[in-house]
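Since the structure comes first, as structure tokens, the remarks are kept for the end.
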Amino acid sequence: MTVGRVKVAALDDVPMNGNKAFKINGRSILLCKSDAGVFALENRCSHMFAELEGGRVRGAYLFCPKHSVRFDMRTGASGGTLTKVPLQTFAVTVAADGNIEIDWPE
Ligand code: FES
């Protein structure tokens with residue numbers, strides 16, 4: 001398993017106001033891009049564990065495609081009543097070469 005900073009994808013691989021999932025260290029990580037920035041979260045809703053890929057991205061928020069819970073991509077915090085469990089987030093760096101890197105926890 002790789003720890004430390006891990007390259008995930010090129011910035012252009014992620015659509016604006018959208019997202020795309022990538023396998024990192026055996027886990028599905030969702031990269032999201034909007035006018036609020038680039039974010040990395042676990043690709044698994046904390047409500048009923050649906051994949052979040054394809055969910056609507058607006059500003060700093062991601063909406064689960066299954067039951068529309070809103071997550072703050074900056075913190076992983078959920079809104080509404082269906083789940084109070086936050087998503088795991090990963091610190092993102094956009095490197096000078098245009099690649100998106102995330103900090104992988106030990
Ligand atoms: S599975 Fe995501 S809101 Fe229900």
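Just so we're on the same page: first chain in the structure tokens is A, next is B, and so on; residues restart at 1 for each chain, and ligands are numbered from 1 in the order they show up.
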Among the residues of chain A, find those DSSP assigns to strand (DSSP E or B) from the backbone and print them as a ChimeraX atom specification. /A:4-10,18-24,27-34,37-42,57-58,61-63,70-72,78,89-90,92-94,99-104
Determine, using only C-alpha atoms, which residues of region 40-65 of chain A have any atom at most 10 Å from an atom of region 88-98 of chain A, and tabulate each with its shortest atom pair and distance in Å to one decimal place, rows ordered by chain and then rising number, as a tab-separated table.
```
residue	atom	partner	partner_atom	distance
A:Ala40	CA	A:Phe90	CA	5.3
A:Leu41	CA	A:Thr89	CA	4.4
A:Glu42	CA	A:Gln88	CA	5.6
A:Asn43	CA	A:Gln88	CA	9.1
A:Arg44	CA	A:Gln88	CA	9.3
A:Cys45	CA	A:Gln88	CA	10.0
A:Ser46	CA	A:Gln88	CA	9.6
```
Could you dump the residues just selected with N, CA and C atoms as a JSON list (two decimals), in the first residue's frame?
```json
[["chain", "number", "residue", "atom", "x", "y", "z"],
["A", 40, "ALA", "N", -11.35, 15.24, -3.15],
["A", 40, "ALA", "CA", -11.26, 13.78, -3.18],
["A", 40, "ALA", "C", -12.00, 13.23, -1.97],
["A", 41, "LEU", "N", -12.88, 12.27, -2.22],
["A", 41, "LEU", "CA", -13.69, 11.67, -1.16],
["A", 41, "LEU", "C", -13.80, 10.18, -1.41],
["A", 42, "GLU", "N", -14.16, 9.45, -0.36],
["A", 42, "GLU", "CA", -14.45, 8.04, -0.58],
["A", 42, "GLU", "C", -15.71, 7.94, -1.45],
["A", 43, "ASN", "N", -15.69, 6.99, -2.39],
["A", 43, "ASN", "CA", -16.79, 6.86, -3.35],
["A", 43, "ASN", "C", -17.86, 5.92, -2.80],
["A", 44, "ARG", "N", -18.34, 6.23, -1.61],
["A", 44, "ARG", "CA", -19.30, 5.34, -0.96],
["A", 44, "ARG", "C", -20.14, 6.18, 0.00],
["A", 45, "CYS", "N", -21.40, 6.27, -0.30],
["A", 45, "CYS", "CA", -22.30, 7.08, 0.52],
["A", 45, "CYS", "C", -22.41, 6.48, 1.92],
["A", 46, "SER", "N", -22.49, 7.35, 2.92],
["A", 46, "SER", "CA", -22.60, 6.85, 4.29],
["A", 46, "SER", "C", -24.05, 6.53, 4.67]]
```
Given only C-alpha atoms and all ligand atoms, how would the per-residue table for chain A near ligand 1 read, listing every residue at most 9 Å away with its closest atom pair and distance in Å to one decimal, sorted by chain and number, as CSV?
```
residue,atom,partner,partner_atom_place_in_ligand_line,distance
A:Arg44,CA,ligand 1,2 (Fe),7.9
A:Cys45,CA,ligand 1,2 (Fe),4.7
A:Ser46,CA,ligand 1,2 (Fe),6.5
A:His47,CA,ligand 1,4 (Fe),4.6
A:Met48,CA,ligand 1,1 (S),3.9
A:Phe49,CA,ligand 1,1 (S),5.3
A:Ala50,CA,ligand 1,1 (S),4.6
A:Glu51,CA,ligand 1,2 (Fe),7.7
A:Leu52,CA,ligand 1,2 (Fe),7.2
A:Phe63,CA,ligand 1,3 (S),7.8
A:Cys64,CA,ligand 1,2 (Fe),4.6
A:Pro65,CA,ligand 1,2 (Fe),6.6
A:Lys66,CA,ligand 1,2 (Fe),5.0
A:His67,CA,ligand 1,3 (S),3.9
A:Ser68,CA,ligand 1,3 (S),5.1
A:Val69,CA,ligand 1,3 (S),4.4
A:Arg70,CA,ligand 1,3 (S),7.9
A:Leu82,CA,ligand 1,3 (S),6.7
A:Thr83,CA,ligand 1,3 (S),7.6
```
Could you list, as a list of chain:residue names, every residue within 6 Å of region 5-8 of chain A, counting only C-alpha atoms and ignoring same-chain residues fewer than 5 positions away?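 Final neighbour list, sorted by chain and number: A:Ile100, A:Glu101, A:Ile102, A:Asp103, A:Trp104.
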Report as an MDAnalysis selection string all protein, DNA and RNA residues lying within 7 Å of Met73 (chain A), evaluated on only C-alpha atoms, omitting residues in the same chain fewer than 6 positions from it. chainID A and resid 39 60:62
Could you take the residues named above and write them with C-alpha atoms, as a compact mmCIF listing (two decimals), in the first residue's frame?
```txt
# COMPACT_ATOMS: atom_id res chain seq x y z
CA PHE A 39 -11.88 17.42 -4.01
CA ALA A 60 -18.60 22.79 -2.73
CA TYR A 61 -21.37 20.17 -2.56
CA LEU A 62 -21.86 16.66 -3.89
```
One number please: CA of Asn99 (chain A) to CA of Asp12 (chain A), in Å, one decimal.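 Rounded to one decimal, the two atoms are 8.5 Å apart.
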Could you check the closest approach to Val38 (chain A) for each of A:Pro105, A:Thr81, A:Pro86, A:Leu11 and tell me which residue wins, using only C-alpha atoms?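 Closest residue, counting only C-alpha atoms: A:Leu11.
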Do a neighbour search on Val14 (chain A) at 8 Å with only C-alpha atoms, toss out local chain neighbours closer than 3 positions, and write the hits as a CSV table (one decimal) with C-alpha atoms, in the first residue's frame.
```
chain,number,residue,atom,x,y,z
A,10,ALA,CA,-4.8,14.2,-14.7
A,11,LEU,CA,-6.8,17.3,-13.9
A,18,GLY,CA,-18.7,16.5,-12.3
A,19,ASN,CA,-16.7,13.6,-10.9
A,20,LYS,CA,-14.9,10.4,-11.7
A,31,LEU,CA,-12.4,13.1,-7.6
A,32,CYS,CA,-14.8,16.0,-8.0
A,33,LYS,CA,-14.2,19.3,-9.8
```
If I take CA of Gly54 (chain A) and CA of Gly4 (chain A), how far is one from the other in Å, to one decimal? 27.4 Å
Go through A:Met16, A:Ala21, A:Val3, A:Ala9 one by one, measure the shortest atom-to-atom distance of each to Ala36 (chain A) using only C-alpha atoms, and give the residue with the smallest value. A:Met16
For a quick check of understanding, using only C-alpha atoms, which of A:Val85, A:Gly76, A:Asn17, A:Arg56 has the smallest distance to Ser34 (chain A)? A:Asn17
